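Participant: Sharing a structure below in C-alpha cells format, with a few things to ask.
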There are 2 protein chains.
Amino acid sequence: MTANPPASKVAHFTMKNGLEVVVIPDHRAPVVTHMVWYRNGAADDPQGKSGIAHFLEHLMFKGTALHPKGAFSEYVASVGGHENAFTGPDFTAYFQQVAKEHLRTCMAFEADRMTGLVLTDDVVAPERDVVLEERRMHCDTDPGAQLGEAVQATLFTHHPYGVPIIGWGHEIEGLGREDALAYYHRFYTPENAILVVAGDAAPEETLKLAEETYGKVPARGAAPVRVRPAEPPTVADRLVTVRDQKVQQPNWQRHWLVPSCRTAAPGEPEALDVLGHLIGGGQTSVLYRELVIEEKLAVSAWAYYHGTALDQSRFIANATPAPGVTLETLDKAFDRVLAKFLADGVDEAALERAKTRLVADAVYARDSQSDLARWYGSSLALGQTIRDVEEWPARIDAVDAKAVLDAARKWLDRRPAVTGHLLPLDAEAA
Amino acid sequence: MTANPPASKVAHFTMKNGLEVVVIPDHRAPVVTHMVWYRNGAADDPQGKSGIAHFLEHLMFKGTALHPKGAFSEYVASVGGHENAFTGPDFTAYFQQVAKEHLRTCMAFEADRMTGLVLTDDVVAPERDVVLEERRMHCDTDPGAQLGEAVQATLFTHHPYGVPIIGWGHEIEGLGREDALAYYHRFYTPENAILVVAGDAAPEETLKLAEETYGKVPARGAAPVRVRPAEPPTVADRLVTVRDQKVQQPNWQRHWLVPSCRTAAPGEPEALDVLGHLIGGGQTSVLYRELVIEEKLAVSAWAYYHGTALDQSRFIANATPAPGVTLETLDKAFDRVLAKFLADGVDEAALERAKTRLVADAVYARDSQSDLARWYGSSLALGQTIRDVEEWPARIDAVDAKAVLDAARKWLDRRPAVTGHLLPLDAEAA
C-alpha cells in the first residue's frame, strides 16, 4: 500500500514578518482547525527554570492588553468550538477548532496574544499553584510517573530531555512573572512560529486573513536560537527501580538512546519505525507473540520508536509481567527475544504487514483534521518540510529487511540502555 | 582526645580589593606554602561548556602580558620549590611551596596572572588536545572511571556535580579562547579569591607583602554569583553496570545523596563523618568486619562521607568481592550489615575509637604544611570560617551514638541510592 495523498493541495507560505503559514484544505465539513506552533518547548527552559515553557502555556490564557482574561476562550465556546494547548519538549502549540466563519476572529485573538500578553502577580501566583498541584497529582503521587521521570532523567543526564516537561517541583516554585515574561519575549515571535490551518479554508484566502491579523505583528529580525547540551556517550547499563505500596501491577520497560527524525542518517528513522512496529506493534508483533502468547511471561508487551524530536531520542520496549513472573525474568526474556529476532531475520510477510499498518495509520490520521494539522505542525516545528511529511509513506515503503536488522543491531543489541522496574513494596528484589 | 591546636595563631584579613588573606604560621622550617583559591569550580561551568574551569586551570600557565609562558614555573623550579594546581567541583587552586624569601616573588607572579593572562589560539588549541588526551587516557579507556562517571551522572541528573570535572569530551572539543577568557574574566577577581600562606611567615609581614602585590589588583565591586540548579528528590533506586573485558577485579559501590558541610543541619556533617568511619573506616569498621572477616564475601570494604561540598553531597560505600561472590550478593549483604548496625546500636568503645581516629587524622594533617593550607583554603572557599575549621575537632567529639544512628536512619536506610557494578564482560548478570 502506497498512499500518495493530495500533497499538492497543502500550501506553504512565509509572511514578511517571518511567520510560516501552512494551509491544509479539507472541505468535507465547514470547519477549520487553527493552530499556532512555537519552535520552543520544555527542552529550551533556561537552566534552573524548568517548567517555564509549560507554565507560560497556562499563562497565555490570562488576557492581553486588548482582551481580558478568558475572552478568547469564551469566544471559542460561544461559537461552539473547542480549544486546547500543549507543551512538548521541542514545541508549544495552541489550537482552536471552529466553524470556518470564525477563523478570522481566532486568528485575531491568537495574533494579539503573540505580543500583547499582560501578566500580573495576581494571576501568576495562583496559576503557579495550579501547576504545582498538577505536578503533585500526576507525578509526585503516581509511582508509574515517578518511575517515568527517574528513567528519563537517567537516560538524559545532560540533555534537557531528562527534565520533565512540567518541570521539577522545586524550580516551579521559584518561577515568577519576570521569568514568564522574559521567556515569552524571547520565544513568542513571528519568526519562531508556524500557523497551521486545516479544514474548509482556501490557501490564498487564508493567507489574506493571516496578513490582516498576524501580519500586524512586527518582525523581530531573526528567530531565537536554541542551545542545548548534547548527551555524552556512555558504556553503562542502568536499572531504575521504583517500589511503592500503591503499585498493583508491576511493569518492565527498557529505553535506548537512538537518533530522531532530525539527527538520524537518511532512511534510519523509517527503519526504526518499522522495527518498533515489527517487534512491538500490536498482537502480531514479535514481543507479544513470544512473551505473551508463547512463553506466557507477560500479559502485554509493546515497543515504540519515538522519532519526533529535535535531538537524540528514544526507542522503548514495555511489558507487564504475568502473575508470579519477576521483572528479572522479563529482563532476560527480552534479551532472548531480541537475539532470536536478530538471528531469525525478518519475516517478509510480517515486514509488509508492518509497513502497511504504519502507512495506513498515517492515512487514517489524515482523516482527522486536527491530527493532520498536528502532524504538519509538529514536523515543521522540528525543521522538517512539507515534502518530508508527504514523502514519509514512500520512505516507509522503501524499508527492507536489511535496514530493519541493521537498525536493531546498531541501536538496540548490546547497547547501553536504561531499564525500568515498577514493583509493589513487598516484591522480591527483581 | 580533644585537640585544640594554636587557633589564635591563624590570622585572617580582608584586603581593600576584597581578597581574603589567611596566614597560618608554622616556623619549623624556613619554608612557605603559598596558595590562591578561587571560589569557582567545575560545577560553575556554563551549560554546554563543561570542562572550562579545568581547561582554564591548564591555560593559567601560558603566560601573561608581563611574564612569558613558563616564566613562573621556571622561577619556582629555579629556587628549588614546587608548584601545582587543581580544579574541584567548587573551587580552583594554585599553589607553590618555596623557601620563605621567595614568597614575595610568588605573590607577584600569582597576582599578575589574576588579571594579566594572555591567550592566543596558538596555545589554546594544543592545550585542548592535551586535555582531550588526558580524558581519553584516564576516563574513556578505564572501565572503573567510566563506571564512576556514569554513577555520578545518575546520582546528579540535574545538578552539575553530575558532570565530570574534566568535562564531557564532545564539549571539551568545542572550548576555545573566547570561552576561556570569558570564564577567566568572570571568576578570576580579588573578591572571588582567597590567599592562603602557611609556613614561616608572620601575619602582619605577610599582609604587607600581599598589599604590595595582590593589593595592585583592582577591585571589581562584587564577587561573581554562582547559580546551580538543585537536584530534584527521587524515589527510585538505580543500578549502574559497566561490563568490560579489561576488568580484572569486579567492584561494588553504593552512593547516596546527603547534605554537605554547607547544607546540613548543625551537627549532621560530623555525625555523617563518624558514621562513615564507624561503618567503613579501616579494618575495625563494621563493613570490613562483617563482609571481609566474618562472611568472607569481600576482600575489601570501606565507606566514606564526602562533606566538603557547597551543595548536596555523597555518602559512599565500596567493596571488592571475594572470588566467586556476585555483586548481587554484595548488594544484599550490605543491606543486611546496615540493618544489623541499626538494630545493634553503636558500640561506645568503637564510637570513641572512631572519633579519636578522625580527630587524630586532622591533627596529623596539621603536621603537613600544605595539607593544612588546603584544609583552610577549601573550607573558606566553601564559605566556612576559620572558627568552623578550628572547632571541628570539638564538634566531632560531641557526636554521640544517637546522632550517628539518626544520621544512618535518615540518610542511608531505605533511601533511594545509586549502586554501581563493575564486571568483566563474561560475568554472570549480577
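Every chain in the C-alpha cells has a letter given in the order shown (A, B, ...), and although residue numbers restart at 1 in each chain, ligands are simply numbered from 1 in the order shown.
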Just fit chain A onto chain B on all the Cα atoms, in order, by least squares, and give it as a CSV table (one decimal) with C-alpha atoms, in the first residue's frame.

Facilitator:
```csv
chain,number,residue,atom,x,y,z
A,1,MET,CA,41.3,13.1,72.6
A,2,THR,CA,40.4,16.7,72.1
A,3,ALA,CA,42.8,18.6,70.0
A,4,ASN,CA,42.8,22.3,70.3
A,5,PRO,CA,45.6,23.5,68.1
A,6,PRO,CA,47.0,27.0,68.1
A,7,ALA,CA,43.9,28.5,66.7
A,8,SER,CA,44.6,32.1,67.6
A,9,LYS,CA,47.7,31.9,65.6
A,10,VAL,CA,45.8,31.8,62.3
A,11,ALA,CA,45.3,35.3,61.0
A,12,HIS,CA,42.5,36.3,58.7
A,13,PHE,CA,42.3,39.6,56.8
A,14,THR,CA,40.3,41.0,54.0
A,15,MET,CA,42.1,43.4,51.7
A,16,LYS,CA,40.6,46.6,50.2
A,17,ASN,CA,40.0,44.9,46.9
A,18,GLY,CA,38.1,42.1,48.6
A,19,LEU,CA,40.9,39.5,48.6
A,20,GLU,CA,40.8,37.4,51.7
A,21,VAL,CA,44.1,36.6,53.3
A,22,VAL,CA,44.8,33.7,55.7
A,23,VAL,CA,48.1,33.2,57.3
A,24,ILE,CA,48.9,30.0,59.1
A,25,PRO,CA,52.2,30.4,60.9
A,26,ASP,CA,54.5,27.3,61.1
A,27,HIS,CA,58.1,28.1,61.9
A,28,ARG,CA,59.5,24.6,61.9
A,29,ALA,CA,61.4,25.2,58.7
A,30,PRO,CA,62.1,28.3,56.6
A,31,VAL,CA,59.5,27.2,54.0
A,32,VAL,CA,56.2,28.6,53.0
A,33,THR,CA,53.2,27.2,51.1
A,34,HIS,CA,51.5,29.9,49.0
A,35,MET,CA,48.1,29.2,47.6
A,36,VAL,CA,45.4,31.1,45.9
A,37,TRP,CA,41.9,29.7,45.9
A,38,TYR,CA,39.1,30.8,43.6
A,39,ARG,CA,35.5,30.2,44.6
A,40,ASN,CA,34.6,28.6,41.4
A,41,GLY,CA,35.0,25.1,40.1
A,42,ALA,CA,33.7,22.6,37.6
A,43,ALA,CA,30.1,22.9,38.9
A,44,ASP,CA,30.2,26.5,37.8
A,45,ASP,CA,31.0,25.7,34.2
A,46,PRO,CA,28.3,27.3,31.9
A,47,GLN,CA,25.8,24.9,30.4
A,48,GLY,CA,27.3,23.2,27.3
A,49,LYS,CA,30.9,24.3,28.3
A,50,SER,CA,31.8,21.6,30.7
A,51,GLY,CA,35.5,21.4,31.4
A,52,ILE,CA,36.1,25.1,31.1
A,53,ALA,CA,37.2,25.5,34.8
A,54,HIS,CA,39.7,22.7,34.4
A,55,PHE,CA,40.8,23.8,31.0
A,56,LEU,CA,41.4,27.4,32.2
A,57,GLU,CA,43.5,25.9,35.1
A,58,HIS,CA,45.8,24.5,32.4
A,59,LEU,CA,45.8,27.7,30.5
A,60,MET,CA,46.8,29.8,33.5
A,61,PHE,CA,50.3,28.5,32.9
A,62,LYS,CA,50.5,30.0,29.5
A,63,GLY,CA,51.9,33.4,30.4
A,64,THR,CA,50.8,37.0,30.9
A,65,ALA,CA,51.4,40.4,29.4
A,66,LEU,CA,54.4,40.7,31.8
A,67,HIS,CA,55.7,37.2,32.0
A,68,PRO,CA,56.1,34.8,29.1
A,69,LYS,CA,54.7,31.3,29.2
A,70,GLY,CA,56.7,29.1,31.6
A,71,ALA,CA,58.4,32.0,33.4
A,72,PHE,CA,56.5,31.5,36.7
A,73,SER,CA,57.1,27.7,36.7
A,74,GLU,CA,60.7,28.1,35.8
A,75,TYR,CA,61.2,30.5,38.6
A,76,VAL,CA,59.7,28.1,41.2
A,77,ALA,CA,61.8,25.3,39.9
A,78,SER,CA,65.0,27.4,39.9
A,79,VAL,CA,64.6,28.2,43.6
A,80,GLY,CA,64.1,24.5,44.4
A,81,GLY,CA,60.4,24.9,45.0
A,82,HIS,CA,57.4,23.0,43.6
A,83,GLU,CA,54.0,24.0,42.4
A,84,ASN,CA,50.7,22.6,41.4
A,85,ALA,CA,47.1,23.4,40.6
A,86,PHE,CA,43.8,21.6,41.0
A,87,THR,CA,40.2,22.0,40.0
A,88,GLY,CA,37.4,20.7,42.2
A,89,PRO,CA,33.7,20.9,41.7
A,90,ASP,CA,33.5,24.0,43.9
A,91,PHE,CA,36.9,25.7,43.7
A,92,THR,CA,40.2,26.0,41.8
A,93,ALA,CA,43.5,26.5,43.5
A,94,TYR,CA,47.1,27.2,42.6
A,95,PHE,CA,50.0,26.7,44.9
A,96,GLN,CA,53.7,26.9,45.3
A,97,GLN,CA,56.0,25.7,48.1
A,98,VAL,CA,59.2,27.7,48.3
A,99,ALA,CA,61.8,28.9,50.7
A,100,LYS,CA,60.4,31.9,52.6
A,101,GLU,CA,62.5,34.5,50.9
A,102,HIS,CA,60.7,33.6,47.6
A,103,LEU,CA,57.2,34.3,48.9
A,104,ARG,CA,57.0,37.8,47.6
A,105,THR,CA,58.1,36.9,44.1
A,106,CYS,CA,55.5,34.0,44.0
A,107,MET,CA,52.9,36.5,45.2
A,108,ALA,CA,53.9,38.9,42.4
A,109,PHE,CA,53.6,36.2,39.8
A,110,GLU,CA,50.3,34.9,41.1
A,111,ALA,CA,48.8,38.4,41.4
A,112,ASP,CA,49.9,39.2,37.9
A,113,ARG,CA,48.1,36.2,36.4
A,114,MET,CA,44.9,37.1,38.3
A,115,THR,CA,44.4,39.8,35.6
A,116,GLY,CA,47.2,39.6,33.1
A,117,LEU,CA,46.5,36.2,31.4
A,118,VAL,CA,47.3,36.3,27.6
A,119,LEU,CA,45.8,33.6,25.5
A,120,THR,CA,46.3,33.0,21.8
A,121,ASP,CA,44.8,30.3,19.6
A,122,ASP,CA,48.3,29.0,19.2
A,123,VAL,CA,48.4,28.0,22.9
A,124,VAL,CA,44.8,27.2,23.4
A,125,ALA,CA,44.3,24.6,20.7
A,126,PRO,CA,47.3,22.4,21.6
A,127,GLU,CA,46.4,22.6,25.3
A,128,ARG,CA,42.9,21.5,24.5
A,129,ASP,CA,44.4,18.5,22.8
A,130,VAL,CA,46.4,17.8,26.0
A,131,VAL,CA,43.1,17.8,28.0
A,132,LEU,CA,41.3,15.6,25.5
A,133,GLU,CA,44.2,13.2,25.6
A,134,GLU,CA,44.0,13.3,29.5
A,135,ARG,CA,40.3,12.5,29.2
A,136,ARG,CA,41.0,9.6,26.8
A,137,MET,CA,43.7,8.2,28.9
A,138,HIS,CA,42.1,8.5,32.3
A,139,CYS,CA,38.4,8.3,31.6
A,140,ASP,CA,37.4,6.9,28.3
A,141,THR,CA,39.6,3.8,28.4
A,142,ASP,CA,39.3,3.0,32.1
A,143,PRO,CA,36.2,1.0,32.9
A,144,GLY,CA,36.4,2.0,36.6
A,145,ALA,CA,36.4,5.6,35.6
A,146,GLN,CA,33.6,5.1,33.1
A,147,LEU,CA,31.5,3.5,35.9
A,148,GLY,CA,32.4,6.4,38.2
A,149,GLU,CA,31.3,9.0,35.6
A,150,ALA,CA,28.1,7.1,34.9
A,151,VAL,CA,27.3,6.7,38.6
A,152,GLN,CA,27.9,10.4,39.3
A,153,ALA,CA,25.7,11.4,36.3
A,154,THR,CA,23.0,9.1,37.6
A,155,LEU,CA,23.2,10.5,41.1
A,156,PHE,CA,23.3,14.1,40.0
A,157,THR,CA,21.0,14.2,37.0
A,158,HIS,CA,20.2,17.9,37.3
A,159,HIS,CA,22.9,19.5,39.5
A,160,PRO,CA,26.2,20.0,37.7
A,161,TYR,CA,28.1,17.7,40.2
A,162,GLY,CA,26.9,15.0,37.7
A,163,VAL,CA,29.3,16.4,35.1
A,164,PRO,CA,32.9,15.2,35.4
A,165,ILE,CA,35.4,17.9,36.4
A,166,ILE,CA,37.4,17.4,33.2
A,167,GLY,CA,34.2,17.9,31.2
A,168,TRP,CA,32.4,15.7,28.6
A,169,GLY,CA,34.6,15.0,25.6
A,170,HIS,CA,32.3,16.5,23.0
A,171,GLU,CA,32.1,19.8,25.0
A,172,ILE,CA,35.8,20.0,25.6
A,173,GLU,CA,36.3,19.8,21.8
A,174,GLY,CA,34.2,23.0,21.5
A,175,LEU,CA,36.1,25.0,24.1
A,176,GLY,CA,38.0,27.9,22.7
A,177,ARG,CA,40.0,31.0,23.6
A,178,GLU,CA,36.8,33.2,23.9
A,179,ASP,CA,35.2,30.7,26.3
A,180,ALA,CA,38.3,30.6,28.5
A,181,LEU,CA,38.7,34.4,28.6
A,182,ALA,CA,35.0,34.9,29.3
A,183,TYR,CA,35.2,32.4,32.2
A,184,TYR,CA,38.5,34.0,33.4
A,185,HIS,CA,37.2,37.5,33.4
A,186,ARG,CA,34.1,36.4,35.3
A,187,PHE,CA,35.7,34.4,38.1
A,188,TYR,CA,39.4,35.5,38.4
A,189,THR,CA,38.8,38.5,40.6
A,190,PRO,CA,40.2,39.6,44.0
A,191,GLU,CA,36.7,39.4,45.5
A,192,ASN,CA,36.4,35.8,44.4
A,193,ALA,CA,39.8,34.7,45.7
A,194,ILE,CA,41.4,33.6,49.0
A,195,LEU,CA,45.1,33.8,49.6
A,196,VAL,CA,46.4,31.2,52.0
A,197,VAL,CA,50.0,31.4,53.2
A,198,ALA,CA,51.1,28.6,55.6
A,199,GLY,CA,54.6,28.3,57.0
A,200,ASP,CA,57.4,30.5,58.1
A,201,ALA,CA,55.5,33.7,57.7
A,202,ALA,CA,54.4,36.3,60.2
A,203,PRO,CA,50.8,37.5,59.7
A,204,GLU,CA,51.5,41.3,59.5
A,205,GLU,CA,54.5,40.9,57.3
A,206,THR,CA,52.7,38.5,55.0
A,207,LEU,CA,49.8,41.0,54.8
A,208,LYS,CA,52.2,43.7,53.8
A,209,LEU,CA,53.7,41.6,51.0
A,210,ALA,CA,50.2,40.8,49.9
A,211,GLU,CA,49.3,44.5,49.8
A,212,GLU,CA,52.4,45.2,47.7
A,213,THR,CA,51.5,42.5,45.2
A,214,TYR,CA,47.8,41.5,45.2
A,215,GLY,CA,46.9,44.9,46.5
A,216,LYS,CA,47.6,46.2,43.0
A,217,VAL,CA,44.8,44.1,41.5
A,218,PRO,CA,41.8,46.4,41.1
A,219,ALA,CA,38.5,45.6,42.9
A,220,ARG,CA,35.6,44.6,40.6
A,221,GLY,CA,33.0,45.7,43.1
A,222,ALA,CA,31.4,42.3,43.9
A,223,ALA,CA,32.1,38.6,43.9
A,224,PRO,CA,30.6,36.7,41.0
A,225,VAL,CA,27.4,34.9,41.7
A,226,ARG,CA,27.2,31.1,41.3
A,227,VAL,CA,23.9,29.7,40.1
A,228,ARG,CA,23.4,26.0,40.2
A,229,PRO,CA,20.2,24.0,39.7
A,230,ALA,CA,19.3,21.8,42.7
A,231,GLU,CA,18.8,18.1,42.3
A,232,PRO,CA,15.2,17.0,42.4
A,233,PRO,CA,14.1,14.4,45.0
A,234,THR,CA,13.7,10.9,43.7
A,235,VAL,CA,12.1,7.7,44.9
A,236,ALA,CA,14.0,5.5,42.5
A,237,ASP,CA,16.8,3.1,43.3
A,238,ARG,CA,19.3,3.0,40.5
A,239,LEU,CA,21.8,0.4,39.5
A,240,VAL,CA,24.6,1.3,37.1
A,241,THR,CA,26.6,-1.5,35.5
A,242,VAL,CA,29.7,-1.4,33.4
A,243,ARG,CA,31.0,-4.6,31.9
A,244,ASP,CA,34.4,-4.5,30.2
A,245,GLN,CA,36.9,-7.1,29.1
A,246,LYS,CA,39.7,-5.0,30.8
A,247,VAL,CA,38.1,-5.5,34.2
A,248,GLN,CA,40.3,-7.8,36.3
A,249,GLN,CA,38.7,-7.1,39.7
A,250,PRO,CA,34.9,-6.5,40.0
A,251,ASN,CA,33.8,-3.7,42.3
A,252,TRP,CA,30.6,-2.9,44.2
A,253,GLN,CA,29.7,0.6,45.3
A,254,ARG,CA,26.7,2.5,46.6
A,255,HIS,CA,26.2,6.3,46.6
A,256,TRP,CA,23.6,8.3,48.5
A,257,LEU,CA,22.8,12.0,48.2
A,258,VAL,CA,23.4,13.5,51.6
A,259,PRO,CA,23.8,17.1,52.9
A,260,SER,CA,27.3,18.6,52.8
A,261,CYS,CA,29.0,20.7,55.4
A,262,ARG,CA,27.3,23.7,53.9
A,263,THR,CA,23.7,22.3,53.6
A,264,ALA,CA,23.4,20.0,56.6
A,265,ALA,CA,21.7,20.8,59.9
A,266,PRO,CA,24.2,21.6,62.7
A,267,GLY,CA,26.0,18.5,64.0
A,268,GLU,CA,24.9,16.4,61.0
A,269,PRO,CA,28.1,16.6,58.9
A,270,GLU,CA,30.1,15.4,62.0
A,271,ALA,CA,27.6,12.6,62.6
A,272,LEU,CA,28.0,11.5,59.0
A,273,ASP,CA,31.8,11.7,59.3
A,274,VAL,CA,31.7,9.5,62.4
A,275,LEU,CA,29.1,7.2,60.7
A,276,GLY,CA,31.4,6.8,57.7
A,277,HIS,CA,34.3,6.0,59.9
A,278,LEU,CA,32.4,3.6,62.1
A,279,ILE,CA,30.9,1.6,59.3
A,280,GLY,CA,33.7,1.9,56.7
A,281,GLY,CA,36.9,3.4,58.1
A,282,GLY,CA,39.6,0.8,58.1
A,283,GLN,CA,39.8,-2.8,59.3
A,284,THR,CA,38.0,-2.3,62.6
A,285,SER,CA,34.9,-0.9,60.8
A,286,VAL,CA,31.6,-2.7,60.7
A,287,LEU,CA,31.7,-3.3,56.9
A,288,TYR,CA,35.2,-4.7,57.0
A,289,ARG,CA,34.5,-6.9,60.0
A,290,GLU,CA,31.3,-8.3,58.6
A,291,LEU,CA,32.0,-8.5,54.9
A,292,VAL,CA,35.7,-9.3,54.9
A,293,ILE,CA,36.5,-11.1,58.1
A,294,GLU,CA,33.2,-12.7,59.2
A,295,GLU,CA,31.3,-13.5,56.0
A,296,LYS,CA,34.4,-13.6,53.7
A,297,LEU,CA,32.3,-12.1,50.9
A,298,ALA,CA,34.7,-9.3,50.1
A,299,VAL,CA,38.4,-8.7,50.1
A,300,SER,CA,38.0,-5.0,50.9
A,301,ALA,CA,35.2,-2.8,52.1
A,302,TRP,CA,35.0,0.8,53.1
A,303,ALA,CA,32.6,3.8,53.4
A,304,TYR,CA,33.2,7.5,53.4
A,305,TYR,CA,31.2,10.7,53.8
A,306,HIS,CA,32.2,13.4,51.4
A,307,GLY,CA,31.2,16.5,53.3
A,308,THR,CA,33.4,19.1,51.6
A,309,ALA,CA,30.9,20.5,49.0
A,310,LEU,CA,28.9,23.6,48.5
A,311,ASP,CA,25.7,21.8,47.6
A,312,GLN,CA,24.2,18.4,48.3
A,313,SER,CA,26.9,15.7,48.5
A,314,ARG,CA,27.6,12.0,48.7
A,315,PHE,CA,28.0,9.1,51.2
A,316,ILE,CA,29.8,6.2,49.5
A,317,ALA,CA,30.2,2.6,50.4
A,318,ASN,CA,32.6,0.3,48.4
A,319,ALA,CA,33.5,-3.3,48.4
A,320,THR,CA,35.7,-5.6,46.3
A,321,PRO,CA,34.1,-9.1,46.2
A,322,ALA,CA,35.9,-12.2,47.2
A,323,PRO,CA,36.5,-14.6,44.2
A,324,GLY,CA,33.2,-16.2,43.2
A,325,VAL,CA,31.0,-13.8,45.1
A,326,THR,CA,28.5,-12.0,42.8
A,327,LEU,CA,27.8,-8.3,43.2
A,328,GLU,CA,24.2,-9.1,43.8
A,329,THR,CA,25.3,-11.0,46.9
A,330,LEU,CA,27.2,-7.9,48.0
A,331,ASP,CA,24.0,-5.8,47.4
A,332,LYS,CA,22.1,-7.9,49.8
A,333,ALA,CA,25.0,-8.3,52.2
A,334,PHE,CA,25.4,-4.5,52.5
A,335,ASP,CA,21.7,-4.1,53.3
A,336,ARG,CA,22.0,-6.8,55.9
A,337,VAL,CA,25.1,-5.3,57.6
A,338,LEU,CA,23.5,-1.8,57.6
A,339,ALA,CA,20.2,-3.3,59.1
A,340,LYS,CA,22.3,-5.1,61.8
A,341,PHE,CA,24.2,-1.9,62.6
A,342,LEU,CA,21.0,0.0,63.1
A,343,ALA,CA,19.5,-2.8,65.2
A,344,ASP,CA,22.5,-3.4,67.3
A,345,GLY,CA,23.2,0.3,68.0
A,346,VAL,CA,26.6,1.8,68.3
A,347,ASP,CA,29.3,0.2,70.4
A,348,GLU,CA,30.5,3.0,72.7
A,349,ALA,CA,34.2,1.9,72.6
A,350,ALA,CA,34.1,1.8,68.8
A,351,LEU,CA,32.5,5.2,68.7
A,352,GLU,CA,35.3,6.7,70.9
A,353,ARG,CA,37.9,5.0,68.7
A,354,ALA,CA,36.3,6.4,65.5
A,355,LYS,CA,36.2,9.9,66.9
A,356,THR,CA,39.7,9.7,68.2
A,357,ARG,CA,40.9,8.5,64.8
A,358,LEU,CA,39.1,11.2,62.9
A,359,VAL,CA,40.5,13.9,65.2
A,360,ALA,CA,43.9,12.4,65.1
A,361,ASP,CA,43.9,12.4,61.3
A,362,ALA,CA,43.0,16.1,61.5
A,363,VAL,CA,45.9,16.8,63.9
A,364,TYR,CA,48.3,14.8,61.7
A,365,ALA,CA,47.1,16.9,58.7
A,366,ARG,CA,48.3,19.9,60.6
A,367,ASP,CA,51.8,18.4,60.5
A,368,SER,CA,51.8,18.8,56.7
A,369,GLN,CA,52.0,22.5,55.9
A,370,SER,CA,50.3,22.0,52.5
A,371,ASP,CA,47.6,19.8,53.9
A,372,LEU,CA,46.8,22.4,56.5
A,373,ALA,CA,46.8,25.1,53.9
A,374,ARG,CA,44.5,23.0,51.8
A,375,TRP,CA,42.1,22.4,54.7
A,376,TYR,CA,41.8,26.1,55.4
A,377,GLY,CA,41.6,27.1,51.8
A,378,SER,CA,39.0,24.6,50.8
A,379,SER,CA,36.9,25.4,53.9
A,380,LEU,CA,37.0,29.1,53.2
A,381,ALA,CA,36.3,28.6,49.5
A,382,LEU,CA,33.1,26.8,50.6
A,383,GLY,CA,32.1,29.7,52.8
A,384,GLN,CA,33.1,28.3,56.1
A,385,THR,CA,35.0,30.4,58.7
A,386,ILE,CA,38.4,29.9,60.4
A,387,ARG,CA,36.4,29.1,63.5
A,388,ASP,CA,34.4,26.4,61.7
A,389,VAL,CA,37.7,24.8,60.8
A,390,GLU,CA,39.2,25.1,64.3
A,391,GLU,CA,36.1,23.9,66.2
A,392,TRP,CA,35.7,20.8,64.0
A,393,PRO,CA,37.5,18.5,66.5
A,394,ALA,CA,35.3,19.7,69.3
A,395,ARG,CA,32.2,19.1,67.1
A,396,ILE,CA,33.4,15.6,66.3
A,397,ASP,CA,34.0,15.0,70.0
A,398,ALA,CA,30.4,16.0,70.7
A,399,VAL,CA,28.9,13.3,68.3
A,400,ASP,CA,27.0,10.6,70.3
A,401,ALA,CA,25.6,7.3,69.4
A,402,LYS,CA,22.1,8.7,68.8
A,403,ALA,CA,23.4,11.3,66.3
A,404,VAL,CA,25.2,8.6,64.4
A,405,LEU,CA,22.2,6.3,64.3
A,406,ASP,CA,19.8,9.1,63.4
A,407,ALA,CA,22.1,10.1,60.5
A,408,ALA,CA,22.2,6.5,59.3
A,409,ARG,CA,18.4,6.1,59.5
A,410,LYS,CA,17.7,9.5,57.9
A,411,TRP,CA,20.2,9.3,55.1
A,412,LEU,CA,21.1,5.7,54.3
A,413,ASP,CA,18.4,3.3,55.4
A,414,ARG,CA,15.9,2.6,52.6
A,415,ARG,CA,16.8,5.9,50.9
A,416,PRO,CA,17.0,5.8,47.1
A,417,ALA,CA,20.6,5.3,46.1
A,418,VAL,CA,22.8,4.6,43.1
A,419,THR,CA,24.6,1.3,43.2
A,420,GLY,CA,27.5,0.7,40.8
A,421,HIS,CA,28.6,-2.7,39.5
A,422,LEU,CA,31.9,-3.1,37.7
A,423,LEU,CA,32.2,-6.5,36.0
A,424,PRO,CA,34.3,-8.4,33.5
A,425,LEU,CA,32.6,-8.9,30.1
A,426,ASP,CA,31.9,-12.5,30.7
A,427,ALA,CA,30.5,-12.2,34.2
A,428,GLU,CA,27.1,-13.7,35.1
A,429,ALA,CA,24.6,-10.9,35.2
A,430,ALA,CA,24.7,-9.7,38.8
```

Participant: Looking only at strand (DSSP E) from DSSP on the backbone, list the matching residues of segment 111-280 of chain A as number ranges by chain.

Facilitator: A: 193-199, 237-243, 251-258

Participant: From a DSSP pass on the backbone, collect the residues of segment 207-340 of chain B flagged as alpha helix (DSSP H) and hand them back as a ChimeraX atom specification.

Facilitator: /B:207-213,268-280,286-287,327-340
